[in-house]
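Asks: Just entry18.tsv, nothing more (TSV, C-alpha atoms and all ligand atoms):
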```tsv
chain	number	residue	atom	x	y	z
D	1	MET	CA	39.95	-26.32	12.88
D	2	GLY	CA	41.32	-24.83	9.63
D	3	ILE	CA	38.95	-23.93	6.83
D	4	SER	CA	39.94	-26.84	4.58
D	5	SER	CA	39.75	-29.51	7.29
D	6	HIS	CA	36.36	-28.09	8.32
D	7	ALA	CA	35.20	-28.33	4.71
D	8	GLU	CA	36.43	-31.94	4.53
D	9	LYS	CA	34.82	-32.96	7.78
D	10	PHE	CA	31.44	-31.62	6.72
D	11	ALA	CA	31.76	-32.52	3.03
D	12	ALA	CA	28.97	-34.08	0.98
D	13	PRO	CA	29.59	-37.43	-0.74
D	14	ARG	CA	30.05	-37.15	-4.53
D	15	LEU	CA	29.60	-40.86	-5.29
D	16	ASP	CA	26.37	-42.82	-5.04
D	17	ALA	CA	26.02	-46.19	-3.25
D	18	GLN	CA	27.34	-47.99	-6.37
D	19	GLY	CA	30.39	-45.73	-6.58
D	20	ARG	CA	29.12	-43.80	-9.61
D	21	ILE	CA	29.99	-40.12	-9.95
D	22	GLU	CA	27.14	-37.62	-9.70
D	23	LEU	CA	27.18	-35.40	-12.78
D	24	VAL	CA	24.79	-32.78	-11.44
D	25	GLY	CA	26.79	-29.97	-9.91
D	26	LEU	CA	29.85	-30.41	-12.13
D	27	ASN	CA	30.52	-27.50	-14.41
D	28	LEU	CA	31.05	-27.84	-18.12
D	29	SER	CA	34.84	-28.05	-17.97
D	30	GLN	CA	34.73	-30.66	-15.20
D	31	ILE	CA	32.43	-32.87	-17.28
D	32	GLN	CA	34.67	-32.27	-20.26
D	33	ALA	CA	37.74	-33.43	-18.29
D	34	LEU	CA	35.95	-36.64	-17.24
D	35	LEU	CA	34.95	-37.40	-20.83
D	36	VAL	CA	38.44	-36.79	-22.16
D	37	GLU	CA	39.72	-39.20	-19.48
D	38	ASP	CA	37.29	-41.74	-20.94
D	39	GLY	CA	38.72	-41.08	-24.42
D	40	GLN	CA	35.61	-39.23	-25.59
D	41	PRO	CA	35.50	-36.03	-27.65
D	42	ALA	CA	35.17	-32.89	-25.56
D	43	PHE	CA	32.14	-31.54	-27.45
D	44	ARG	CA	29.97	-34.27	-25.95
D	45	SER	CA	30.09	-32.47	-22.60
D	46	LYS	CA	27.93	-29.65	-23.95
D	47	GLN	CA	25.37	-32.15	-25.24
D	48	ILE	CA	25.24	-33.95	-21.90
D	49	TRP	CA	25.00	-30.66	-20.02
D	50	ASN	CA	22.03	-29.64	-22.20
D	51	TRP	CA	20.22	-32.90	-21.51
D	52	ILE	CA	20.77	-32.52	-17.79
D	53	TYR	CA	19.89	-28.87	-17.29
D	54	GLN	CA	17.68	-27.87	-20.19
D	55	ARG	CA	15.71	-31.05	-20.64
D	56	GLY	CA	15.77	-32.48	-17.13
D	57	VAL	CA	16.75	-35.95	-18.32
D	58	THR	CA	17.87	-38.41	-15.62
D	59	SER	CA	18.64	-41.46	-17.78
D	60	PHE	CA	21.58	-41.58	-20.20
D	61	ASP	CA	19.45	-43.77	-22.46
D	62	ASP	CA	17.25	-40.74	-23.20
D	63	MET	CA	20.20	-38.74	-24.56
D	64	ALA	CA	19.23	-39.40	-28.17
D	65	ASN	CA	22.13	-37.62	-29.86
D	66	LEU	CA	24.82	-39.64	-28.06
D	67	PRO	CA	26.21	-42.85	-29.58
D	68	LYS	CA	25.04	-46.03	-27.90
D	69	ASP	CA	28.46	-47.08	-26.63
D	70	LEU	CA	28.95	-43.71	-24.94
D	71	ARG	CA	25.55	-44.02	-23.29
D	72	GLN	CA	26.68	-47.36	-21.89
D	73	ILE	CA	29.95	-45.91	-20.56
D	74	LEU	CA	28.04	-43.08	-18.94
D	75	THR	CA	25.51	-45.44	-17.37
D	76	ASP	CA	28.28	-47.55	-15.84
D	77	LYS	CA	30.29	-44.70	-14.37
D	78	TYR	CA	27.99	-41.79	-13.79
D	79	VAL	CA	24.60	-40.93	-12.39
D	80	ILE	CA	22.12	-38.05	-12.65
D	81	ASP	CA	20.31	-38.23	-9.38
D	82	ARG	CA	17.39	-36.56	-7.65
D	83	PRO	CA	16.78	-36.51	-3.92
D	84	LYS	CA	14.40	-39.12	-2.58
D	85	VAL	CA	11.11	-37.69	-1.35
D	86	ILE	CA	10.28	-38.74	2.17
D	87	SER	CA	7.18	-36.58	2.52
D	88	GLU	CA	5.23	-33.83	0.79
D	89	GLN	CA	2.89	-31.56	2.70
D	90	LYS	CA	0.54	-28.99	1.15
D	91	SER	CA	-0.59	-26.02	3.19
D	92	ARG	CA	-4.05	-24.48	3.01
D	93	ASP	CA	-2.36	-21.49	1.34
D	94	ARG	CA	-0.86	-23.78	-1.39
D	95	THR	CA	2.66	-23.65	0.03
D	96	ILE	CA	4.33	-27.05	-0.39
D	97	LYS	CA	7.00	-28.47	1.89
D	98	TRP	CA	9.10	-31.51	1.05
D	99	LEU	CA	11.36	-33.56	3.22
D	100	LEU	CA	14.11	-34.75	0.90
D	101	GLU	CA	16.71	-37.44	1.45
D	102	MET	CA	20.17	-37.28	-0.07
D	103	SER	CA	22.12	-40.33	-1.29
D	104	ASP	CA	23.71	-40.95	2.12
D	105	GLY	CA	20.39	-40.75	3.96
D	106	GLN	CA	20.75	-37.19	5.28
D	107	GLN	CA	17.59	-35.16	5.10
D	108	VAL	CA	16.69	-31.53	4.42
D	109	GLU	CA	13.49	-29.59	3.91
D	110	MET	CA	12.55	-27.44	0.93
D	111	VAL	CA	9.54	-25.17	0.46
D	112	PHE	CA	7.69	-23.82	-2.59
D	113	ILE	CA	5.69	-20.65	-2.04
D	114	PRO	CA	3.35	-19.66	-4.89
D	115	THR	CA	1.86	-16.17	-5.10
D	116	PRO	CA	-0.15	-14.68	-7.99
D	117	SER	CA	2.95	-12.93	-9.37
D	118	ARG	CA	5.74	-15.42	-8.68
D	119	GLY	CA	6.70	-18.84	-7.41
D	120	THR	CA	9.54	-18.91	-4.93
D	121	LEU	CA	11.54	-21.97	-4.02
D	122	CYS	CA	13.21	-21.87	-0.61
D	123	VAL	CA	16.32	-24.04	-0.83
D	124	SER	CA	18.49	-25.50	1.95
D	125	SER	CA	22.28	-25.17	2.04
D	126	GLN	CA	23.23	-27.32	5.04
D	127	VAL	CA	21.87	-30.28	6.99
D	128	GLY	CA	21.26	-28.46	10.28
D	129	CYS	CA	23.01	-25.13	10.82
D	130	THR	CA	26.42	-23.96	12.02
D	131	LEU	CA	24.70	-21.29	14.11
D	132	THR	CA	22.21	-21.29	16.95
D	133	CYS	CA	20.16	-18.10	16.66
D	134	ARG	CA	17.80	-18.27	19.61
D	135	PHE	CA	14.52	-17.66	17.78
D	136	CYS	CA	15.23	-20.17	15.02
D	137	HIS	CA	14.09	-23.78	15.05
D	138	THR	CA	16.67	-24.80	12.43
D	139	GLY	CA	19.33	-23.55	14.82
D	140	THR	CA	18.44	-26.29	17.32
D	141	GLN	CA	19.73	-28.89	14.85
D	142	PRO	CA	23.53	-28.90	15.05
D	143	LEU	CA	25.37	-28.91	11.74
D	144	VAL	CA	25.43	-32.45	10.36
D	145	ARG	CA	27.12	-31.58	7.10
D	146	ASN	CA	27.24	-29.14	4.24
D	147	LEU	CA	25.25	-29.82	1.12
D	148	GLY	CA	27.33	-30.24	-2.01
D	149	PRO	CA	26.67	-28.24	-5.20
D	150	HIS	CA	24.89	-31.30	-6.63
D	151	GLU	CA	22.52	-31.51	-3.65
D	152	ILE	CA	21.66	-27.83	-3.81
D	153	LEU	CA	20.93	-28.08	-7.55
D	154	GLN	CA	19.08	-31.36	-7.16
D	155	GLN	CA	16.58	-29.59	-4.90
D	156	VAL	CA	15.79	-27.08	-7.66
D	157	MET	CA	15.70	-29.81	-10.31
D	158	TYR	CA	13.38	-31.94	-8.23
D	159	ALA	CA	11.03	-28.94	-7.86
D	160	LYS	CA	11.11	-28.52	-11.63
D	161	ASP	CA	10.12	-32.20	-11.99
D	162	VAL	CA	7.15	-31.80	-9.66
D	163	LEU	CA	6.05	-28.48	-11.10
D	164	GLU	CA	6.41	-29.89	-14.61
D	165	GLU	CA	8.77	-27.19	-15.78
D	166	TRP	CA	10.90	-29.24	-18.20
D	167	PRO	CA	10.14	-29.00	-21.94
D	168	SER	CA	9.49	-32.75	-22.18
D	169	GLN	CA	6.62	-32.30	-19.72
D	170	GLY	CA	4.70	-30.15	-22.19
D	171	GLU	CA	4.42	-26.47	-23.06
D	172	LYS	CA	3.43	-24.20	-20.21
D	173	GLN	CA	1.88	-20.75	-20.48
D	174	ALA	CA	3.92	-19.40	-17.61
D	175	ARG	CA	6.56	-20.80	-15.34
D	176	ASP	CA	5.53	-21.59	-11.79
D	177	LEU	CA	9.05	-21.50	-10.45
D	178	THR	CA	10.41	-18.01	-11.00
D	179	ASN	CA	12.53	-17.24	-7.94
D	180	ILE	CA	15.00	-18.96	-5.68
D	181	VAL	CA	15.80	-17.96	-2.14
D	182	MET	CA	18.66	-19.51	-0.20
D	183	MET	CA	16.58	-19.30	2.97
D	184	GLY	CA	16.05	-22.93	3.87
D	185	MET	CA	18.06	-24.87	6.41
D	186	GLY	CA	21.59	-23.71	7.04
D	187	GLU	CA	23.81	-20.66	6.73
D	188	PRO	CA	24.72	-20.44	3.03
D	189	LEU	CA	27.81	-18.31	3.60
D	190	TYR	CA	29.29	-20.95	5.91
D	191	ASN	CA	29.09	-23.27	2.89
D	192	TYR	CA	30.03	-20.63	0.38
D	193	GLU	CA	32.07	-22.63	-2.14
D	194	ASN	CA	29.37	-25.24	-2.69
D	195	VAL	CA	26.56	-22.69	-2.76
D	196	ALA	CA	28.52	-20.60	-5.27
D	197	GLU	CA	29.16	-23.55	-7.57
D	198	ALA	CA	25.49	-24.50	-7.49
D	199	LEU	CA	24.25	-20.95	-8.09
D	200	LYS	CA	26.63	-20.46	-11.01
D	201	ILE	CA	25.03	-23.44	-12.77
D	202	CYS	CA	21.58	-22.21	-11.74
D	203	MET	CA	22.28	-18.83	-13.35
D	204	HIS	CA	24.17	-20.07	-16.41
D	205	PRO	CA	22.12	-19.40	-19.58
D	206	ASP	CA	22.84	-22.98	-20.70
D	207	GLY	CA	22.31	-24.26	-17.17
D	208	LEU	CA	19.01	-23.72	-15.39
D	209	GLY	CA	18.95	-20.17	-16.70
D	210	ILE	CA	17.50	-18.49	-13.61
D	211	SER	CA	18.70	-14.89	-13.59
D	212	LYS	CA	20.67	-13.51	-10.65
D	213	ARG	CA	17.93	-10.93	-10.19
D	214	HIS	CA	15.60	-13.76	-9.32
D	215	ILE	CA	17.91	-15.32	-6.76
D	216	THR	CA	18.28	-14.09	-3.18
D	217	LEU	CA	20.83	-15.31	-0.68
D	218	SER	CA	20.02	-14.76	2.97
D	219	THR	CA	22.73	-14.62	5.60
D	220	SER	CA	22.91	-14.06	9.31
D	221	GLY	CA	25.94	-11.90	8.54
D	222	VAL	CA	29.10	-13.85	7.67
D	223	VAL	CA	30.92	-10.66	6.71
D	224	PRO	CA	34.00	-12.00	4.85
D	225	GLN	CA	31.88	-13.91	2.35
D	226	ILE	CA	29.33	-11.13	1.74
D	227	ILE	CA	31.50	-9.11	-0.61
D	228	GLN	CA	32.81	-12.26	-2.30
D	229	CYS	CA	29.23	-13.32	-2.91
D	230	GLY	CA	28.42	-9.94	-4.46
D	231	GLU	CA	31.49	-9.96	-6.67
D	232	GLU	CA	31.32	-13.57	-7.85
D	233	LEU	CA	27.58	-14.19	-7.96
D	234	GLY	CA	25.87	-10.80	-7.90
D	235	VAL	CA	22.68	-12.28	-6.47
D	236	ASN	CA	20.29	-10.27	-4.29
D	237	LEU	CA	21.33	-10.08	-0.66
D	238	ALA	CA	19.11	-10.46	2.39
D	239	ILE	CA	20.46	-9.95	5.89
D	240	SER	CA	18.86	-11.49	8.96
D	241	LEU	CA	19.19	-8.44	11.16
D	242	HIS	CA	16.55	-8.82	13.89
D	243	ALA	CA	17.94	-6.19	16.29
D	244	PRO	CA	18.87	-2.51	16.06
D	245	ASN	CA	21.95	-2.57	18.33
D	246	ASN	CA	24.89	-4.82	19.13
D	247	GLU	CA	23.84	-5.61	22.66
D	248	LEU	CA	20.46	-7.02	21.71
D	249	ARG	CA	21.67	-8.65	18.51
D	250	SER	CA	24.48	-10.49	20.30
D	251	GLU	CA	21.95	-11.76	22.82
D	252	ILE	CA	19.79	-13.45	20.18
D	253	MET	CA	22.37	-14.08	17.42
D	254	ALA	CA	25.79	-15.25	18.59
D	255	ILE	CA	27.35	-14.45	15.21
D	256	ASN	CA	27.09	-10.78	16.13
D	257	ASN	CA	29.96	-11.27	18.59
D	258	LYS	CA	32.16	-12.27	15.69
D	259	TYR	CA	30.90	-9.78	13.12
D	260	PRO	CA	29.29	-6.82	14.89
D	261	LEU	CA	26.83	-4.46	13.25
D	262	GLU	CA	29.41	-1.87	12.19
D	263	GLU	CA	31.26	-4.45	10.09
D	264	LEU	CA	28.08	-6.04	8.80
D	265	LEU	CA	26.56	-2.76	7.65
D	266	GLU	CA	29.84	-1.66	6.11
D	267	ALA	CA	29.78	-4.86	4.02
D	268	CYS	CA	26.18	-4.06	3.03
D	269	ARG	CA	27.10	-0.52	1.99
D	270	ASN	CA	29.89	-1.97	-0.16
D	271	TYR	CA	27.86	-4.82	-1.59
D	272	PRO	CA	28.61	-4.76	-5.32
D	273	GLY	CA	25.77	-3.41	-7.41
D	274	VAL	CA	23.69	-2.14	-4.52
D	275	SER	CA	21.59	0.86	-5.52
D	276	ALA	CA	18.08	2.27	-5.22
D	277	SER	CA	16.96	-0.20	-7.85
D	278	ARG	CA	18.89	-3.13	-6.29
D	279	ARG	CA	18.24	-2.84	-2.64
D	280	ILE	CA	19.39	-5.01	0.22
D	281	THR	CA	16.62	-6.70	2.18
D	282	PHE	CA	16.88	-6.63	5.94
D	283	GLU	CA	14.84	-9.27	7.69
D	284	TYR	CA	13.50	-8.38	11.10
D	285	VAL	CA	11.55	-10.94	13.09
D	286	LEU	CA	9.26	-9.37	15.68
D	287	LEU	CA	9.67	-10.88	19.13
D	288	ASP	CA	7.14	-9.74	21.70
D	289	GLY	CA	8.72	-7.44	24.30
D	290	VAL	CA	12.24	-8.11	22.99
D	291	ASN	CA	12.92	-6.03	19.85
D	292	ASP	CA	9.55	-4.55	18.92
D	293	THR	CA	9.12	-1.12	20.55
D	294	ASP	CA	8.88	2.23	18.77
D	295	ASP	CA	12.29	3.08	20.23
D	296	HIS	CA	13.75	-0.03	18.59
D	297	ALA	CA	12.16	1.02	15.30
D	298	GLN	CA	13.67	4.49	15.57
D	299	GLU	CA	17.06	3.04	16.41
D	300	LEU	CA	16.75	0.74	13.39
D	301	ALA	CA	15.86	3.66	11.13
D	302	ARG	CA	19.00	5.51	12.27
D	303	LEU	CA	21.15	2.40	11.93
D	304	LEU	CA	20.24	1.77	8.30
D	305	TYR	CA	20.50	5.41	7.28
D	306	ASN	CA	21.84	5.75	3.76
D	307	ILE	CA	21.73	2.06	2.84
D	308	PRO	CA	19.44	1.41	-0.15
D	309	CYS	CA	17.21	-1.17	1.46
D	310	LYS	CA	13.85	-2.57	2.30
D	311	ILE	CA	12.98	-3.97	5.72
D	312	ASN	CA	10.90	-7.13	5.76
D	313	LEU	CA	9.01	-7.37	9.02
D	314	ILE	CA	8.44	-11.03	9.83
D	315	PRO	CA	5.91	-12.08	12.48
D	316	PHE	CA	7.76	-14.60	14.67
D	317	ASN	CA	6.76	-18.17	13.87
D	318	ALA	CA	6.44	-19.81	17.23
D	319	TRP	CA	7.84	-23.23	18.07
D	320	ALA	CA	7.70	-25.15	21.33
D	321	GLY	CA	10.55	-24.35	23.68
D	322	SER	CA	11.74	-21.18	21.95
D	323	GLY	CA	10.79	-18.97	24.88
D	324	PHE	CA	9.62	-16.21	22.50
D	325	GLN	CA	6.18	-15.01	21.47
D	326	CYS	CA	5.15	-13.19	18.32
D	327	SER	CA	4.44	-9.48	18.78
D	328	PRO	CA	0.73	-8.63	18.45
D	329	LEU	CA	-0.23	-7.48	14.94
D	330	LYS	CA	-1.05	-3.97	16.20
D	331	ARG	CA	2.48	-3.67	17.59
D	332	ILE	CA	4.00	-4.88	14.30
D	333	GLU	CA	1.90	-2.30	12.45
D	334	GLY	CA	3.07	0.40	14.87
D	335	PHE	CA	6.68	-0.66	14.28
D	336	ALA	CA	6.14	-0.51	10.51
D	337	ARG	CA	4.62	2.99	10.80
D	338	VAL	CA	7.74	4.35	12.51
D	339	LEU	CA	9.95	2.93	9.78
D	340	GLU	CA	7.67	4.17	7.02
D	341	GLY	CA	7.62	7.60	8.66
D	342	ALA	CA	11.42	7.58	8.39
D	343	GLY	CA	11.15	6.86	4.66
D	344	TYR	CA	11.70	3.10	4.60
D	345	ASP	CA	9.79	0.48	2.73
D	346	ALA	CA	8.79	-1.87	5.57
D	347	PRO	CA	6.23	-4.45	4.46
D	348	ILE	CA	4.87	-6.95	6.95
D	349	ARG	CA	5.49	-10.39	5.53
D	350	ARG	CA	2.44	-12.59	5.62
D	351	PRO	CA	3.52	-15.93	7.05
D	352	ARG	CA	3.16	-18.79	4.58
D	353	GLY	CA	2.73	-22.47	5.26
D	354	ARG	CA	2.39	-22.03	9.02
D	355	ASP	CA	0.02	-25.01	9.31
D	356	ILE	CA	2.69	-27.35	7.92
D	357	LEU	CA	5.63	-25.79	9.81
D	358	ALA	CA	7.03	-24.47	6.54
D	359	ALA	CA	7.37	-20.85	7.59
D	360	CYS	CA	10.63	-18.95	8.11
D	361	GLY	CA	12.92	-20.52	10.65
D	362	GLN	CA	10.77	-23.60	11.18
D	363	LEU	CA	12.58	-26.02	8.90
D	364	LYS	CA	14.38	-28.89	10.52
D	365	SER	CA	15.10	-32.56	9.83
D	366	GLU	CA	15.79	-35.52	12.06
D	367	SER	CA	19.29	-35.98	10.65
D	368	GLN	CA	22.04	-36.09	13.23
D	369	ARG	CA	25.77	-36.39	13.02
D	370	LYS	CA	27.01	-39.89	13.61
D	371	VAL	CA	28.06	-40.52	17.21
D	372	ARG	CA	31.62	-41.25	16.11
D	373	GLU	CA	31.89	-37.79	14.62
D	374	GLN	CA	30.28	-36.13	17.60
D	375	ASN	CA	32.95	-37.56	19.87
D	376	GLU	CA	35.85	-36.53	17.66
D	401	LIG	N1	20.81	-18.86	7.78
D	401	LIG	C1	20.36	-17.88	6.87
D	401	LIG	C2	19.31	-18.42	5.95
D	401	LIG	C3	18.04	-18.88	6.62
D	401	LIG	S1	16.81	-17.78	6.15
D	401	LIG	C4	19.85	-16.67	7.62
D	401	LIG	O1	19.71	-16.75	8.82
D	401	LIG	O2	19.65	-15.65	6.99
D	401	LIG	C5	15.58	-18.00	7.33
D	401	LIG	C6	15.06	-16.67	7.78
D	401	LIG	O3	14.03	-16.88	8.76
D	401	LIG	C7	16.12	-15.85	8.47
D	401	LIG	O4	15.92	-14.49	8.23
D	401	LIG	C8	15.82	-16.15	9.90
D	401	LIG	O5	16.39	-15.18	10.74
D	401	LIG	C9	14.33	-16.15	9.93
D	401	LIG	N2	13.78	-16.88	11.07
D	401	LIG	C10	14.40	-17.80	11.83
D	401	LIG	N3	13.56	-18.27	12.77
D	401	LIG	C11	12.39	-17.62	12.60
D	401	LIG	C12	11.13	-17.70	13.26
D	401	LIG	N4	10.93	-18.56	14.23
D	401	LIG	N5	10.14	-16.91	12.81
D	401	LIG	C13	10.34	-16.08	11.77
D	401	LIG	N6	11.50	-15.97	11.11
D	401	LIG	C14	12.52	-16.74	11.51
D	402	LIG	FE1	21.01	-20.77	11.12
D	402	LIG	FE2	19.84	-18.69	9.88
D	402	LIG	FE3	18.52	-20.11	11.75
D	402	LIG	FE4	20.52	-18.51	12.47
D	402	LIG	S1	18.57	-17.87	11.55
D	402	LIG	S2	20.19	-20.60	13.20
D	402	LIG	S3	21.92	-18.73	10.74
D	402	LIG	S4	19.21	-20.84	9.78
```
Could you write out this structure as structure tokens?

Replies:
Amino acid sequence: MGISSHAEKFAAPRLDAQGRIELVGLNLSQIQALLVEDGQPAFRSKQIWNWIYQRGVTSFDDMANLPKDLRQILTDKYVIDRPKVISEQKSRDRTIKWLLEMSDGQQVEMVFIPTPSRGTLCVSSQVGCTLTCRFCHTGTQPLVRNLGPHEILQQVMYAKDVLEEWPSQGEKQARDLTNIVMMGMGEPLYNYENVAEALKICMHPDGLGISKRHITLSTSGVVPQIIQCGEELGVNLAISLHAPNNELRSEIMAINNKYPLEELLEACRNYPGVSASRRITFEYVLLDGVNDTDDHAQELARLLYNIPCKINLIPFNAWAGSGFQCSPLKRIEGFARVLEGAGYDAPIRRPRGRDILAACGQLKSESQRKVREQNE
């Protein structure tokens, strides 16, 4: 299947059930073009954009500086939507997980992880995932469809609603939501165009205004889009590495057959802006007896030689039927010591939200592709 027909087949709907166009996710010039089509002055687009992204307004009636007849036109033709909340679960450690439903009924999960110094929102990019990494629960849900730019942004905007981050919800001493990680369901670089459009609006000073330094995109290693992502978006890059050699990596991550380590690490070395102060994060999940020996750690240290990076060691979050176990903590600490001895920063990531299945690689929804599509 060609790239464009693939994109069409897995595309997100842009109209709601009443046939109205979703304005979230359209950039300023797209909104401007729609208004001009409606015979409206172009400058209104900036006002609408401000209401949507800086004030969090969802009703055109609240857009006080627009004339009444324009508000009516907008209400008839357009919509500013949020996902529907199917469930909200709070972990003992204050992590929150939501199951969100999009306008066509497809569902994704999103997680908010507060720490004393920051609040990180883990956002999904696809319903299901294109890939099937063996240790990952999300990977057992075949790709249903890509999320559109509007649906990626709507997740962030919904979180801002709940966390009361809009100015109309009152003055806050400090923001709760400071960081975004594209680490929810899906492989963001297999939905690059939509993710890029959403992140551009997220980063735009007149959009959500979240700086690229506070946004991290995680990929299993879709090499061709890595450089593009660095050049166009400049966000922080995280790589799901999980093995120190091709043989083992291909066994647990099929994408390694397509883009082996040499190519992946070359893309990391060339990632625009990478430096000692802007390091790449390598994620390494510790699987008992699979990738967790001191020899593996030494091999990893040699592999990443000369790449400004940090290695996040992630205790495996178990799920029924995975066939893997988490390495004992002592083993993970031993692994970290080898890496630290070789000069790497190798923190052990404390799992968050484990009691509500909100931890890394555990997100999944019940959404499935329609039978008709599956048989195509
Ligand atoms: N598809 C992208 C984004 C998802 S990020 C990617 O793979 O990078 C989710 C992170 O959690 C990835 O680093 C993934 O490898 C990791 N992960 C997956 N399953 C896990 C599990 N069971 N325990 C711990 N980490 C896991
Ligand atoms: Fe998809 Fe990432 Fe899970 Fe692999 S690790 S199956 S790419 S979500």

Asks: For ligand LIG 402 (chain D), return the neighbouring residues as a PyMOL selection string (distance at most 6 Å; all atoms listed in the file).

Replies: chain D and resi 129+131-133+136+138-139+185-187+220+361

Asks: For the residues selected in the previous step, produce a file with C-alpha atoms as a PDB file, keeping the file's coordinate frame.

Replies:
```
ATOM      1  CA  CYS D 129      23.010 -25.130  10.820  1.00  0.00           C
ATOM      2  CA  LEU D 131      24.700 -21.290  14.110  1.00  0.00           C
ATOM      3  CA  THR D 132      22.210 -21.290  16.950  1.00  0.00           C
ATOM      4  CA  CYS D 133      20.160 -18.100  16.660  1.00  0.00           C
ATOM      5  CA  CYS D 136      15.230 -20.170  15.020  1.00  0.00           C
ATOM      6  CA  THR D 138      16.670 -24.800  12.430  1.00  0.00           C
ATOM      7  CA  GLY D 139      19.330 -23.550  14.820  1.00  0.00           C
ATOM      8  CA  MET D 185      18.060 -24.870   6.410  1.00  0.00           C
ATOM      9  CA  GLY D 186      21.590 -23.710   7.040  1.00  0.00           C
ATOM     10  CA  GLU D 187      23.810 -20.660   6.730  1.00  0.00           C
ATOM     11  CA  SER D 220      22.910 -14.060   9.310  1.00  0.00           C
ATOM     12  CA  GLY D 361      12.920 -20.520  10.650  1.00  0.00           C
TER      13      GLY D 361
END
```

Asks: Please return as a PyMOL selection string every residue within 7 Å of (40.5, -29.5, -22.6), taking into account only C-alpha atoms and the file's own coordinates.

Replies: chain D and resi 32-33+42

Asks: So that I have them on file, write out the residues from the current selection with C-alpha atoms, as a JSON list (two decimals), in the frame of the given file.

Replies:
```
[["chain", "number", "residue", "atom", "x", "y", "z"],
["D", 32, "GLN", "CA", 34.67, -32.27, -20.26],
["D", 33, "ALA", "CA", 37.74, -33.43, -18.29],
["D", 42, "ALA", "CA", 35.17, -32.89, -25.56]]
```

Asks: In the coordinates of the file, take the point (20.2, -22.7, -4.3) and a cut-off of 9 Å; then, counting all atoms listed in the file, name each qualifying protein, DNA or RNA residue as an MDAnalysis selection string.

Replies: chainID D and resid 121:125 149 152:153 155:156 180:183 188 195:196 198:199 202 215:217

Asks: Just give me the gap between CA of Arg92 (chain D) and CA of Asp355 (chain D) in Å, one decimal is fine.

Replies: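 Taking CA of Arg92 (chain D) as the start and CA of Asp355 (chain D) as the end point, the length is 7.5 Å.
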
Asks: How big is the axis-aligned box around the listed atoms of region 308-317 of chain D once 4 Å is added on each side, and where is its centre? Give both in Å to one decimal, as JSON.

Replies:
```
{"center_x": 12.7, "center_y": -8.4, "center_z": 7.3, "size_x": 21.5, "size_y": 27.6, "size_z": 22.8}
```

Asks: Which residue gives the smallest distance to ligand LIG 401 (chain D) among D:Gly321, D:Gly105, D:Gly221, D:Gly289, with only C-alpha atoms and all ligand atoms counted?

Replies: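 Among the listed residues, the smallest separation from ligand LIG 401 (chain D) belongs to D:Gly221.
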
Asks: With only C-alpha atoms and all ligand atoms as the basis for distance, which of D:Ala7, D:Val36, D:Val127, D:Val79 is at the shortest distance from ligand LIG 401 (chain D)?

Replies: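 Closest to ligand LIG 401 (chain D), using only C-alpha atoms and all ligand atoms: D:Val127.
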